[in-house]
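S.K.: So I've got this file, target-v2.cif, and it contains mmCIF, C-alpha atoms:
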```cif
data_start
loop_
_atom_site.label_atom_id
_atom_site.label_comp_id
_atom_site.auth_asym_id
_atom_site.auth_seq_id
_atom_site.Cartn_x
_atom_site.Cartn_y
_atom_site.Cartn_z
CA MET A 1 -3.69 23.69 -16.76
CA ILE A 2 -1.80 23.45 -13.48
CA TYR A 3 0.29 20.28 -13.22
CA LEU A 4 0.65 19.08 -9.63
CA ASP A 5 1.33 15.41 -10.27
CA ASN A 6 5.12 15.43 -10.35
CA ALA A 7 5.32 12.41 -8.02
CA ALA A 8 3.76 10.42 -10.89
CA THR A 9 6.08 11.90 -13.49
CA SER A 10 7.82 15.25 -13.77
CA PHE A 11 6.33 17.64 -16.33
CA PRO A 12 7.30 19.33 -18.55
CA LYS A 13 10.51 17.60 -19.58
CA PRO A 14 13.42 20.05 -20.04
CA SER A 15 14.16 21.09 -23.63
CA PHE A 16 17.70 19.69 -23.41
CA VAL A 17 16.29 16.26 -22.53
CA LYS A 18 13.99 16.32 -25.56
CA GLN A 19 16.85 17.45 -27.78
CA ALA A 20 19.15 14.69 -26.49
CA VAL A 21 16.50 12.03 -27.32
CA ILE A 22 15.98 13.48 -30.81
CA ASP A 23 19.74 13.68 -31.43
CA ALA A 24 20.07 10.04 -30.35
CA MET A 25 17.34 8.95 -32.74
CA ASP A 26 19.14 10.79 -35.52
CA ASN A 27 22.60 9.46 -34.73
CA ILE A 28 22.88 6.17 -32.84
CA GLY A 29 22.52 2.44 -33.38
CA SER A 30 22.20 -0.25 -30.72
CA ASP A 31 24.39 -0.37 -27.60
CA GLY A 32 26.94 -3.16 -27.48
CA ARG A 33 25.92 -4.92 -30.68
CA GLY A 34 28.74 -4.58 -33.21
CA ALA A 35 31.70 -2.26 -33.64
CA HIS A 36 30.63 0.23 -36.28
CA GLU A 37 30.41 3.90 -35.43
CA MET A 38 26.61 3.83 -34.93
CA THR A 39 26.78 1.21 -32.17
CA LEU A 40 29.83 2.84 -30.63
CA ARG A 41 27.92 6.11 -30.34
CA ALA A 42 25.06 4.33 -28.57
CA SER A 43 27.47 2.60 -26.18
CA ARG A 44 29.23 5.89 -25.42
CA ILE A 45 25.93 7.50 -24.48
CA VAL A 46 24.95 4.55 -22.28
CA TYR A 47 28.37 4.58 -20.59
CA SER A 48 28.21 8.33 -20.08
CA THR A 49 24.80 7.86 -18.42
CA ARG A 50 26.30 5.26 -16.07
CA GLN A 51 29.04 7.75 -15.18
CA ASN A 52 26.61 10.59 -14.52
CA ILE A 53 24.34 8.37 -12.40
CA ALA A 54 27.40 7.09 -10.50
CA LYS A 55 28.53 10.66 -9.83
CA LEU A 56 25.10 11.68 -8.56
CA PHE A 57 24.80 8.78 -6.10
CA ASN A 58 28.52 8.16 -5.39
CA ALA A 59 28.15 4.72 -6.93
CA ASP A 60 30.43 2.59 -9.10
CA ALA A 61 29.65 3.31 -12.79
CA MET A 62 30.29 -0.32 -13.68
CA ARG A 63 27.60 -1.39 -11.20
CA VAL A 64 24.91 1.00 -12.48
CA CYS A 65 22.42 -1.33 -14.21
CA PHE A 66 19.59 0.07 -16.30
CA THR A 67 15.97 -1.13 -16.17
CA LEU A 68 12.64 0.14 -17.44
CA ASN A 69 11.69 1.80 -14.16
CA ALA A 70 12.06 1.64 -10.36
CA THR A 71 9.58 -1.24 -10.16
CA MET A 72 11.76 -3.46 -12.32
CA ALA A 73 14.84 -2.37 -10.38
CA LEU A 74 13.14 -3.27 -7.08
CA ASN A 75 11.92 -6.62 -8.45
CA THR A 76 15.46 -7.37 -9.61
CA ALA A 77 16.97 -6.50 -6.23
CA ILE A 78 14.33 -8.21 -4.08
CA LEU A 79 13.79 -11.38 -6.09
CA GLY A 80 17.52 -11.64 -6.77
CA LEU A 81 18.63 -11.39 -3.13
CA ILE A 82 15.79 -12.63 -0.91
CA SER A 83 14.54 -16.19 -0.53
CA LYS A 84 11.72 -17.73 1.47
CA ASN A 85 13.90 -18.70 4.41
CA ASP A 86 14.95 -15.10 4.96
CA HIS A 87 13.48 -12.43 7.21
CA VAL A 88 13.14 -8.88 5.88
CA ILE A 89 12.37 -5.64 7.70
CA THR A 90 10.35 -3.12 5.72
CA SER A 91 7.60 -0.61 6.55
CA VAL A 92 3.92 0.13 6.09
CA GLN A 93 4.73 3.14 3.90
CA GLU A 94 6.08 0.98 1.07
CA HIS A 95 4.75 1.03 -2.47
CA ASN A 96 3.43 -2.14 -4.11
CA SER A 97 6.64 -2.24 -6.15
CA VAL A 98 8.34 -3.23 -2.89
CA LEU A 99 5.46 -5.11 -1.25
CA ARG A 100 4.44 -7.39 -4.11
CA PRO A 101 7.95 -8.70 -4.89
CA LEU A 102 8.46 -9.21 -1.15
CA TYR A 103 5.22 -11.20 -0.85
CA LYS A 104 6.31 -13.22 -3.88
CA THR A 105 9.56 -14.32 -2.18
CA GLY A 106 7.58 -15.97 0.63
CA ALA A 107 10.05 -14.46 3.12
CA ASP A 108 9.11 -13.65 6.70
CA LEU A 109 8.31 -9.91 6.77
CA THR A 110 8.27 -7.35 9.57
CA PHE A 111 6.55 -4.05 8.79
CA LEU A 112 7.76 -1.06 10.79
CA PRO A 113 4.69 1.01 11.75
CA ILE A 114 4.24 4.77 11.37
CA ASP A 115 3.43 7.40 13.98
CA GLU A 116 0.45 9.78 13.71
CA LYS A 117 2.40 12.05 11.34
CA GLY A 118 3.26 9.13 9.10
CA ASN A 119 6.93 8.85 10.12
CA VAL A 120 8.25 5.29 9.98
CA LYS A 121 9.38 4.18 13.44
CA ILE A 122 12.96 3.36 12.54
CA ASP A 123 13.78 3.23 16.26
CA MET A 124 12.05 -0.19 16.18
CA LEU A 125 14.64 -1.64 13.79
CA LYS A 126 16.75 -3.20 16.53
CA ASP A 127 13.83 -4.98 18.18
CA SER A 128 12.72 -6.30 14.79
CA ILE A 129 15.90 -8.23 14.06
CA LYS A 130 15.74 -12.03 13.97
CA THR A 131 18.51 -14.59 13.50
CA ASN A 132 17.62 -14.96 9.80
CA THR A 133 17.16 -11.24 9.01
CA LYS A 134 18.81 -10.60 5.67
CA ALA A 135 17.74 -7.13 4.60
CA VAL A 136 16.10 -3.82 5.41
CA ILE A 137 14.07 -2.41 2.51
CA LEU A 138 12.69 1.12 2.77
CA SER A 139 11.56 3.94 0.53
CA HIS A 140 13.64 7.08 1.07
CA VAL A 141 10.61 9.36 0.55
CA SER A 142 6.99 8.20 0.90
CA ASN A 143 4.99 8.63 -2.30
CA VAL A 144 1.92 9.33 -0.15
CA THR A 145 3.06 11.59 2.70
CA GLY A 146 6.34 12.93 1.31
CA ASN A 147 7.97 12.02 4.64
CA VAL A 148 11.71 11.36 4.49
CA ILE A 149 13.49 8.49 6.17
CA ASP A 150 16.95 9.08 7.66
CA ILE A 151 18.65 6.56 5.39
CA LYS A 152 22.09 7.40 6.73
CA TYR A 153 20.95 6.20 10.16
CA VAL A 154 19.37 3.06 8.70
CA GLY A 155 22.48 2.40 6.60
CA GLN A 156 24.69 2.54 9.69
CA PHE A 157 22.31 0.18 11.46
CA CYS A 158 22.50 -2.26 8.54
CA LYS A 159 26.29 -2.06 8.53
CA GLN A 160 26.45 -2.83 12.27
CA HIS A 161 24.15 -5.83 11.87
CA ASN A 162 25.51 -7.07 8.53
CA LEU A 163 22.22 -6.64 6.65
CA TYR A 164 21.56 -5.70 3.05
CA PHE A 165 20.05 -2.21 2.76
CA ILE A 166 17.82 -1.81 -0.30
CA VAL A 167 16.54 1.73 -0.91
CA ASP A 168 13.55 2.66 -3.06
CA ALA A 169 14.56 6.11 -4.31
CA ALA A 170 11.63 6.52 -6.71
CA GLN A 171 10.58 9.79 -5.06
CA SER A 172 13.97 10.99 -3.84
CA ALA A 173 16.44 10.50 -6.70
CA GLY A 174 17.29 13.89 -8.12
CA VAL A 175 15.73 15.68 -5.14
CA PHE A 176 17.59 14.58 -1.99
CA ASP A 177 21.32 13.96 -1.77
CA ILE A 178 22.12 10.25 -1.82
CA ASP A 179 25.61 8.92 -1.20
CA MET A 180 25.64 5.13 -1.54
CA LYS A 181 28.96 4.69 0.20
CA GLU A 182 28.41 7.13 3.06
CA MET A 183 24.88 5.80 3.61
CA ASN A 184 25.98 2.16 3.32
CA ILE A 185 23.33 1.37 0.70
CA SER A 186 23.59 -2.12 -0.82
CA VAL A 187 21.18 -1.53 -3.70
CA LEU A 188 19.74 1.82 -4.74
CA CYS A 189 16.67 1.56 -7.01
CA PHE A 190 15.68 4.64 -9.02
CA THR A 191 13.43 5.77 -11.83
CA GLY A 192 14.54 8.21 -14.51
CA HIS A 193 11.34 10.13 -15.17
CA LYS A 194 10.50 11.77 -11.81
CA GLY A 195 13.07 13.84 -9.91
CA LEU A 196 15.76 12.91 -12.43
CA LEU A 197 13.68 14.77 -15.06
CA GLY A 198 14.23 12.16 -17.77
CA VAL A 199 12.04 10.10 -20.02
CA GLN A 200 9.66 7.30 -18.98
CA GLY A 201 11.02 3.81 -19.58
CA THR A 202 14.31 4.58 -17.85
CA GLY A 203 15.45 3.58 -14.40
CA GLY A 204 17.93 1.30 -12.77
CA LEU A 205 19.75 -0.01 -9.77
CA CYS A 206 23.14 0.86 -8.37
CA VAL A 207 24.70 -2.16 -6.71
CA ALA A 208 27.36 -1.89 -4.01
CA GLU A 209 30.57 -3.89 -4.00
CA ASN A 210 30.26 -7.56 -3.07
CA ILE A 211 26.48 -7.67 -3.57
CA GLU A 212 25.75 -10.46 -6.04
CA ILE A 213 22.19 -10.26 -7.35
CA ASN A 214 20.73 -13.28 -9.11
CA PRO A 215 19.39 -11.80 -12.39
CA LEU A 216 15.65 -11.63 -13.01
CA VAL A 217 15.99 -11.57 -16.78
CA VAL A 218 18.66 -13.26 -18.91
CA GLY A 219 19.22 -13.33 -22.65
CA GLY A 220 21.05 -11.30 -25.25
CA SER A 221 24.04 -9.47 -23.85
CA GLY A 222 26.20 -8.82 -26.90
CA VAL A 223 29.02 -10.83 -25.26
CA HIS A 224 29.77 -14.55 -24.61
CA SER A 225 27.18 -15.65 -27.16
CA PHE A 226 28.10 -19.35 -26.88
CA SER A 227 27.80 -19.52 -23.11
CA GLU A 228 24.58 -21.06 -21.80
CA ALA A 229 24.65 -18.75 -18.80
CA HIS A 230 24.17 -14.98 -18.82
CA PRO A 231 27.42 -13.10 -17.99
CA LYS A 232 28.09 -12.70 -14.26
CA GLU A 233 29.85 -9.36 -14.62
CA TYR A 234 28.08 -6.09 -13.79
CA PRO A 235 26.39 -4.17 -15.33
CA THR A 236 25.64 -6.79 -18.04
CA ARG A 237 24.72 -9.24 -15.27
CA LEU A 238 21.40 -7.43 -14.78
CA GLU A 239 20.85 -6.14 -18.32
CA ALA A 240 19.49 -8.56 -20.93
CA GLY A 241 18.25 -7.38 -24.30
CA THR A 242 18.76 -4.07 -26.07
CA LEU A 243 18.79 -1.11 -23.71
CA ASN A 244 16.53 1.89 -24.24
CA ALA A 245 19.51 3.95 -25.41
CA HIS A 246 17.40 6.70 -26.99
CA SER A 247 15.70 7.44 -23.69
CA LEU A 248 18.94 6.94 -21.76
CA ALA A 249 20.38 9.76 -23.88
CA GLY A 250 17.67 11.97 -22.38
CA LEU A 251 18.45 10.72 -18.87
CA ASN A 252 22.14 11.35 -19.49
CA ALA A 253 21.39 14.98 -20.36
CA SER A 254 19.15 15.54 -17.33
CA VAL A 255 21.47 13.88 -14.79
CA GLN A 256 24.45 15.77 -16.19
CA TRP A 257 22.44 18.96 -15.75
CA LEU A 258 21.55 17.99 -12.16
CA ASN A 259 25.20 17.20 -11.41
CA GLU A 260 26.27 20.57 -12.76
CA ASN A 261 23.57 22.60 -11.04
CA GLY A 262 23.23 20.66 -7.77
CA LEU A 263 20.03 19.57 -6.10
CA ALA A 264 19.83 22.06 -3.22
CA ASN A 265 18.31 25.04 -5.06
CA LEU A 266 15.76 22.92 -6.92
CA ARG A 267 14.79 21.14 -3.71
CA GLU A 268 14.46 24.38 -1.78
CA LYS A 269 12.15 25.81 -4.43
CA GLU A 270 9.77 22.86 -4.52
CA THR A 271 9.83 22.44 -0.74
CA ASN A 272 8.93 26.10 -0.30
CA LEU A 273 5.98 25.68 -2.69
CA ALA A 274 4.76 22.64 -0.75
CA ARG A 275 5.13 24.53 2.57
CA LEU A 276 3.24 27.53 1.19
CA PHE A 277 0.46 25.18 0.04
CA TYR A 278 0.42 23.46 3.44
CA ASN A 279 0.33 26.74 5.39
CA GLU A 280 -2.63 27.97 3.32
CA LEU A 281 -4.42 24.61 3.69
CA CYS A 282 -4.12 24.87 7.47
CA LYS A 283 -6.42 27.92 7.32
CA ILE A 284 -9.25 25.78 5.87
CA PRO A 285 -10.82 23.82 8.75
CA GLN A 286 -12.42 21.10 6.58
CA ILE A 287 -9.03 19.95 5.27
CA LYS A 288 -7.08 17.07 6.76
CA VAL A 289 -3.40 16.87 5.75
CA TYR A 290 -1.40 13.63 6.08
CA GLY A 291 2.33 13.69 6.76
CA ASP A 292 4.98 15.60 8.69
CA LEU A 293 5.00 18.74 6.54
CA LEU A 294 7.02 20.81 9.00
CA ALA A 295 9.83 18.28 9.33
CA LYS A 296 13.32 19.56 8.45
CA ASN A 297 13.40 17.30 5.39
CA HIS A 298 10.19 16.71 3.50
CA GLY A 299 9.41 15.82 -0.10
CA ALA A 300 7.25 18.25 -2.09
CA ILE A 301 4.20 16.02 -1.68
CA VAL A 302 1.04 17.06 0.18
CA SER A 303 -1.79 14.54 0.50
CA ILE A 304 -5.14 15.69 1.84
CA ASN A 305 -8.80 14.93 2.27
CA ILE A 306 -11.80 17.23 2.57
CA GLU A 307 -13.85 15.91 5.49
CA ASP A 308 -15.17 12.50 4.40
CA GLU A 309 -15.52 13.31 0.69
CA ASP A 310 -14.32 10.69 -1.81
CA ALA A 311 -10.76 11.70 -2.83
CA GLY A 312 -11.45 10.63 -6.41
CA MET A 313 -14.35 13.03 -6.68
CA ILE A 314 -12.27 15.93 -5.33
CA SER A 315 -9.48 15.18 -7.78
CA ASP A 316 -11.99 14.96 -10.63
CA ALA A 317 -13.63 18.26 -9.62
CA LEU A 318 -10.23 19.96 -9.41
CA TYR A 319 -9.45 18.89 -12.94
CA GLU A 320 -12.86 19.30 -14.54
CA ASP A 321 -13.68 22.66 -12.97
CA PHE A 322 -10.21 24.21 -12.50
CA GLY A 323 -7.77 22.33 -14.77
CA ILE A 324 -5.63 21.22 -11.81
CA CYS A 325 -3.92 17.83 -12.24
CA THR A 326 -3.64 15.77 -9.05
CA ARG A 327 -3.71 12.10 -8.24
CA ALA A 328 -6.38 10.47 -6.10
CA GLY A 329 -6.88 6.99 -4.71
CA ALA A 330 -4.60 4.59 -2.90
CA HIS A 331 -1.33 5.51 -4.70
CA CYS A 332 -0.31 1.81 -4.80
CA ALA A 333 0.59 1.98 -1.09
CA PRO A 334 -2.13 -0.08 0.63
CA LEU A 335 -0.60 -0.43 4.09
CA ILE A 336 -0.19 3.28 4.76
CA HIS A 337 -3.87 3.78 3.90
CA LYS A 338 -4.77 1.06 6.40
CA ALA A 339 -2.64 2.87 8.99
CA PHE A 340 -4.41 6.19 8.27
CA ARG A 341 -7.80 4.42 7.84
CA THR A 342 -8.24 5.86 4.38
CA GLU A 343 -8.60 2.59 2.45
CA LYS A 344 -12.01 3.57 1.06
CA GLN A 345 -11.67 7.34 0.96
CA GLY A 346 -8.18 7.46 -0.56
CA MET A 347 -6.27 10.76 -0.53
CA VAL A 348 -5.79 13.59 -3.01
CA ARG A 349 -2.09 14.02 -3.67
CA PHE A 350 -0.56 17.33 -4.77
CA SER A 351 3.07 16.92 -5.81
CA PHE A 352 5.18 19.94 -6.72
CA SER A 353 8.35 20.45 -8.70
CA HIS A 354 10.80 23.32 -9.01
CA GLN A 355 9.01 24.10 -12.26
CA ASN A 356 5.79 25.07 -10.44
CA THR A 357 5.14 28.64 -9.28
CA GLU A 358 3.71 30.40 -6.23
CA ASP A 359 0.93 31.68 -8.46
CA GLU A 360 -0.09 28.10 -9.24
CA VAL A 361 -0.14 27.27 -5.53
CA ILE A 362 -2.37 30.26 -4.76
CA LYS A 363 -4.74 29.39 -7.63
CA THR A 364 -4.98 25.82 -6.32
CA ILE A 365 -5.77 27.06 -2.82
CA GLU A 366 -8.50 29.31 -4.27
CA ALA A 367 -9.95 26.32 -6.18
CA ILE A 368 -10.04 24.22 -3.01
CA LYS A 369 -11.73 27.07 -1.11
CA GLN A 370 -14.37 27.24 -3.82
CA LEU A 371 -15.00 23.48 -3.58
CA VAL A 372 -15.29 23.38 0.20
CA ILE A 373 -18.73 24.11 1.60
CA MET B 1 -18.87 17.69 1.34
CA ILE B 2 -17.75 19.64 -1.70
CA LYS B 3 -19.77 21.96 -3.91
CA ARG B 4 -20.72 20.09 -7.05
CA ASN B 5 -24.01 19.54 -8.85
CA LYS B 6 -24.88 15.88 -8.41
CA LYS B 7 -26.84 13.67 -10.78
CA GLU B 8 -27.28 10.04 -11.64
CA TRP B 9 -24.67 8.61 -14.00
CA LEU B 10 -23.97 5.31 -15.67
CA ILE B 11 -20.62 4.04 -14.40
CA VAL B 12 -18.57 1.21 -15.88
CA THR B 13 -15.58 -0.24 -14.03
CA PHE B 14 -12.78 -2.42 -15.36
CA HIS B 15 -10.16 -4.90 -14.20
CA THR B 16 -7.35 -3.22 -16.11
CA THR B 17 -6.38 0.23 -17.36
CA ALA B 18 -6.07 -1.21 -20.87
CA ALA B 19 -9.79 -2.15 -20.82
CA ALA B 20 -10.72 1.37 -19.67
CA PHE B 21 -9.00 2.80 -22.73
CA GLN B 22 -10.58 0.15 -24.95
CA MET B 23 -13.88 1.53 -23.65
CA GLU B 24 -12.88 5.13 -24.30
CA SER B 25 -11.82 4.34 -27.84
CA THR B 26 -14.95 2.28 -28.59
CA ALA B 27 -17.28 4.84 -27.03
CA LYS B 28 -15.73 7.74 -28.95
CA ASN B 29 -16.05 5.82 -32.19
CA ILE B 30 -19.82 5.69 -31.78
CA GLY B 31 -20.03 9.31 -30.65
CA LEU B 32 -20.60 8.87 -26.93
CA LYS B 33 -19.74 11.99 -24.90
CA GLY B 34 -18.81 10.28 -21.61
CA ARG B 35 -15.35 10.30 -20.08
CA LEU B 36 -12.97 8.45 -17.82
CA ILE B 37 -13.08 9.46 -14.14
CA PRO B 38 -11.41 8.17 -10.95
CA VAL B 39 -13.37 5.16 -9.64
CA PRO B 40 -15.94 6.36 -7.09
CA ARG B 41 -15.34 4.81 -3.66
CA GLU B 42 -18.86 3.35 -3.62
CA ILE B 43 -17.51 0.77 -6.07
CA SER B 44 -14.45 -1.31 -5.43
CA ALA B 45 -12.67 -1.98 -8.71
CA GLY B 46 -9.42 -3.38 -10.04
CA CYS B 47 -8.65 -0.38 -12.23
CA GLY B 48 -8.63 3.17 -10.83
CA LEU B 49 -10.49 4.57 -13.84
CA ALA B 50 -14.19 4.25 -14.60
CA TRP B 51 -16.27 5.30 -17.61
CA ARG B 52 -18.94 7.88 -16.73
CA ASP B 53 -21.77 8.55 -19.13
CA GLU B 54 -25.37 9.81 -19.32
CA LYS B 55 -27.82 7.26 -17.96
CA ASP B 56 -29.95 7.33 -21.12
CA LYS B 57 -26.98 5.90 -23.04
CA GLN B 58 -27.42 2.44 -21.54
CA ASP B 59 -28.03 0.69 -24.88
CA GLU B 60 -25.00 2.23 -26.56
CA ILE B 61 -22.81 1.47 -23.55
CA LYS B 62 -23.94 -2.14 -23.49
CA LYS B 63 -23.13 -2.41 -27.17
CA CYS B 64 -19.61 -1.08 -26.49
CA LEU B 65 -19.18 -3.58 -23.68
CA GLU B 66 -20.01 -6.59 -25.85
CA ASN B 67 -16.32 -6.94 -26.72
CA ILE B 68 -14.77 -5.43 -23.60
CA GLU B 69 -13.86 -7.28 -20.44
CA TYR B 70 -15.42 -4.99 -17.85
CA GLU B 71 -16.11 -5.38 -14.16
CA LYS B 72 -19.43 -3.67 -13.35
CA LEU B 73 -22.06 -1.44 -14.94
CA VAL B 74 -23.98 0.53 -12.31
CA LEU B 75 -26.09 3.66 -11.84
CA LEU B 76 -24.56 6.06 -9.35
CA THR B 77 -25.27 9.60 -8.13
CA LEU B 78 -22.11 11.67 -8.29
#
```
Please express what this file holds, its structure, as structure tokens.
M.R.:
Amino acid sequence: MIYLDNAATSFPKPSFVKQAVIDAMDNIGSDGRGAHEMTLRASRIVYSTRQNIAKLFNADAMRVCFTLNATMALNTAILGLISKNDHVITSVQEHNSVLRPLYKTGADLTFLPIDEKGNVKIDMLKDSIKTNTKAVILSHVSNVTGNVIDIKYVGQFCKQHNLYFIVDAAQSAGVFDIDMKEMNISVLCFTGHKGLLGVQGTGGLCVAENIEINPLVVGGSGVHSFSEAHPKEYPTRLEAGTLNAHSLAGLNASVQWLNENGLANLREKETNLARLFYNELCKIPQIKVYGDLLAKNHGAIVSINIEDEDAGMISDALYEDFGICTRAGAHCAPLIHKAFRTEKQGMVRFSFSHQNTEDEVIKTIEAIKQLVI
Amino acid sequence: MIKRNKKEWLIVTFHTTAAAFQMESTAKNIGLKGRLIPVPREISAGCGLAWRDEKDKQDEIKKCLENIEYEKLVLLTL
């Protein structure tokens, strides 16, 4: 089996992540509920995870709030900051985890278009501003094309125009360097199980100073039990109910490992694999590749089609005949498919990690050559 | 076009992923040999997975679907 679906979830999980989850199940109670040693151990792990996440993103550990995934983080940020009288600038490359909460707010939306290589036209930001513009919401790396947005540039723009900047880092966290303060990010939404190499069911949002998000979920917090209102203080403000401390122990181990080892070498390895794949694909005339693969910064994602063949059928043939795991279809990003006119055909997405090898890339190219008539 | 032997299949689509796995579980329990595949583009469906099975298994499939909320049951050459 060749696993090329790392944009869906990274695989395999590192042994130290698995061990950390097992150790937690053997040793901890519930975070923040009581003062016996078992709960204290859980709380220490959760706090350590906040610290490691804060270090990775240059965020404030006390404003790192955990959720189930990036979708819940984005829902929390969008529904907690945007109302129907606001105007929001976003783009056609966004995932439904951004689009659907935005539609739900009823806010006025402007979608930045993409060019022929799939790059979001961030030079149109200025002309998109209205008197009631409240936020810019963009994914750092497209889950379809792998294209990277210059979020430092966008952050500066947002600072100049006093706008919230919400970043969907689902595909970039743990791969590209993110500095919340330098990039002027108001809310950074991440998932734990992709580039951060952790377990599914972990994710969160890092909230900048002075950003007050109205919580999506309220309830048990372990503190102020007699108050009718959920605590206003971060991170508890956005965390109701028992946290997934067992899985956070895994995330703690993986983020600590990333902090110690740095992202550059891992990124270079997976980018080189994606470039090798792309260069070999370019030699097959029937293949169409979407995205700006030769850009200086590019995620290790390569989405393709073979002439007008159904992407689902190609993905199925790659798995059934060659044991190669890819994802086909619309990838929950409807507007970018409209822009590329691939609503019906979909795309086959190959997403690499530093754990893949050149040999796997070559075998995949050979499989595609065998499929193509 | 890609190289693949095509034939006519029975295809079932669903509104949700949960229903697709309800189908897989039910079908396996009665010994059906079909499998879940990406939804062919000829059919628009809520869930991205479809059940693909031999076309002579229509009766067994229909029996499975008695208690499953599915979207469509069609014959398709893939």
S.K.: Name the residues that the PyMOL selection byres ((chain A and resi 269) around 12) picks from the file above, as an NGL selection string, using the file's chain letters and numbers.
M.R.: :A and (175 or 263-268 or 270-276 or 299-300 or 352-358)
S.K.: Chain A near chain B within 10 Å: what's each residue's closest atom pair and its distance in Å to one decimal, counting all atoms listed in the file, ordered by chain then ascending residue number, as JSON lines?
M.R.:
```
{"residue": "A:Gln286", "atom": "CA", "partner": "B:Met1", "partner_atom": "CA", "distance": 9.0}
{"residue": "A:Ile306", "atom": "CA", "partner": "B:Met1", "partner_atom": "CA", "distance": 7.2}
{"residue": "A:Glu307", "atom": "CA", "partner": "B:Met1", "partner_atom": "CA", "distance": 6.8}
{"residue": "A:Asp308", "atom": "CA", "partner": "B:Met1", "partner_atom": "CA", "distance": 7.1}
{"residue": "A:Glu309", "atom": "CA", "partner": "B:Met1", "partner_atom": "CA", "distance": 5.6}
{"residue": "A:Asp310", "atom": "CA", "partner": "B:Arg41", "partner_atom": "CA", "distance": 6.2}
{"residue": "A:Ala311", "atom": "CA", "partner": "B:Arg41", "partner_atom": "CA", "distance": 8.3}
{"residue": "A:Gly312", "atom": "CA", "partner": "B:Pro38", "partner_atom": "CA", "distance": 5.2}
{"residue": "A:Met313", "atom": "CA", "partner": "B:Pro40", "partner_atom": "CA", "distance": 6.9}
{"residue": "A:Ile314", "atom": "CA", "partner": "B:Ile2", "partner_atom": "CA", "distance": 7.5}
{"residue": "A:Ser315", "atom": "CA", "partner": "B:Pro38", "partner_atom": "CA", "distance": 7.9}
{"residue": "A:Asp316", "atom": "CA", "partner": "B:Ile37", "partner_atom": "CA", "distance": 6.6}
{"residue": "A:Ala317", "atom": "CA", "partner": "B:Arg4", "partner_atom": "CA", "distance": 7.8}
{"residue": "A:Glu320", "atom": "CA", "partner": "B:Ile37", "partner_atom": "CA", "distance": 9.9}
{"residue": "A:Asp321", "atom": "CA", "partner": "B:Arg4", "partner_atom": "CA", "distance": 9.6}
{"residue": "A:Arg327", "atom": "CA", "partner": "B:Pro38", "partner_atom": "CA", "distance": 9.1}
{"residue": "A:Ala328", "atom": "CA", "partner": "B:Pro38", "partner_atom": "CA", "distance": 7.4}
{"residue": "A:Gly329", "atom": "CA", "partner": "B:Gly48", "partner_atom": "CA", "distance": 7.4}
{"residue": "A:Ala330", "atom": "CA", "partner": "B:Gly48", "partner_atom": "CA", "distance": 9.0}
{"residue": "A:His331", "atom": "CA", "partner": "B:Gly48", "partner_atom": "CA", "distance": 9.8}
{"residue": "A:Glu343", "atom": "CA", "partner": "B:Arg41", "partner_atom": "CA", "distance": 9.4}
{"residue": "A:Lys344", "atom": "CA", "partner": "B:Arg41", "partner_atom": "CA", "distance": 5.9}
{"residue": "A:Gln345", "atom": "CA", "partner": "B:Arg41", "partner_atom": "CA", "distance": 6.4}
{"residue": "A:Gly346", "atom": "CA", "partner": "B:Arg41", "partner_atom": "CA", "distance": 8.2}
{"residue": "A:Ile368", "atom": "CA", "partner": "B:Ile2", "partner_atom": "CA", "distance": 9.1}
{"residue": "A:Lys369", "atom": "CA", "partner": "B:Ile2", "partner_atom": "CA", "distance": 9.6}
{"residue": "A:Gln370", "atom": "CA", "partner": "B:Lys3", "partner_atom": "CA", "distance": 7.6}
{"residue": "A:Leu371", "atom": "CA", "partner": "B:Lys3", "partner_atom": "CA", "distance": 5.0}
{"residue": "A:Val372", "atom": "CA", "partner": "B:Ile2", "partner_atom": "CA", "distance": 4.9}
{"residue": "A:Ile373", "atom": "CA", "partner": "B:Ile2", "partner_atom": "CA", "distance": 5.6}
```
S.K.: Do you know which residues the PyMOL selection byres ((chain B and resi 52-62) around 6) returns on this file, as a list in words?
M.R.: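 Output from the PyMOL selection byres ((chain B and resi 52-62) around 6), applied to this file: Trp9, Leu10, Ile11, Gly34, Arg35, Trp51, Lys63, Cys64 and Leu65 of chain B.
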S.K.: Using the chain letters and numbering of this document, enumerate as a VMD selection string the residues selected by the PyMOL selection byres ((chain A and resi 67-78) around 9).
M.R.: chain A and resid 65 to 66 79 to 83 96 to 98 100 to 102 105 137 166 to 170 187 to 193 200 to 205 207 213 to 217 238 to 239 243 to 244
S.K.: If I take CA of Phe16 in chain A and CA of Ile178 in chain A, how far is one from the other in Å, to one decimal?
M.R.: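 Answer for the CA of Phe16 in chain A to CA of Ile178 in chain A separation: 24.0 Å.
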S.K.: Would you give the centre and edge lengths, in Å to one decimal, of a box along x, y and z around the listed atoms of range 23-33 of chain B, with 5 Å added to each side, as lines of an AutoDock Vina configuration file?
M.R.:
```
center_x = -16.2
center_y = 6.8
center_z = -27.9
size_x = 18.8
size_y = 20.5
size_z = 18.5
```
S.K.: Nearest to Val218 in chain A: which of A:Met180, A:Val17, A:Leu335, A:Ala240 is it, counting all atoms listed in the file?
M.R.: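 Once distances to Val218 in chain A are computed over all atoms listed in the file, the minimum belongs to A:Ala240.
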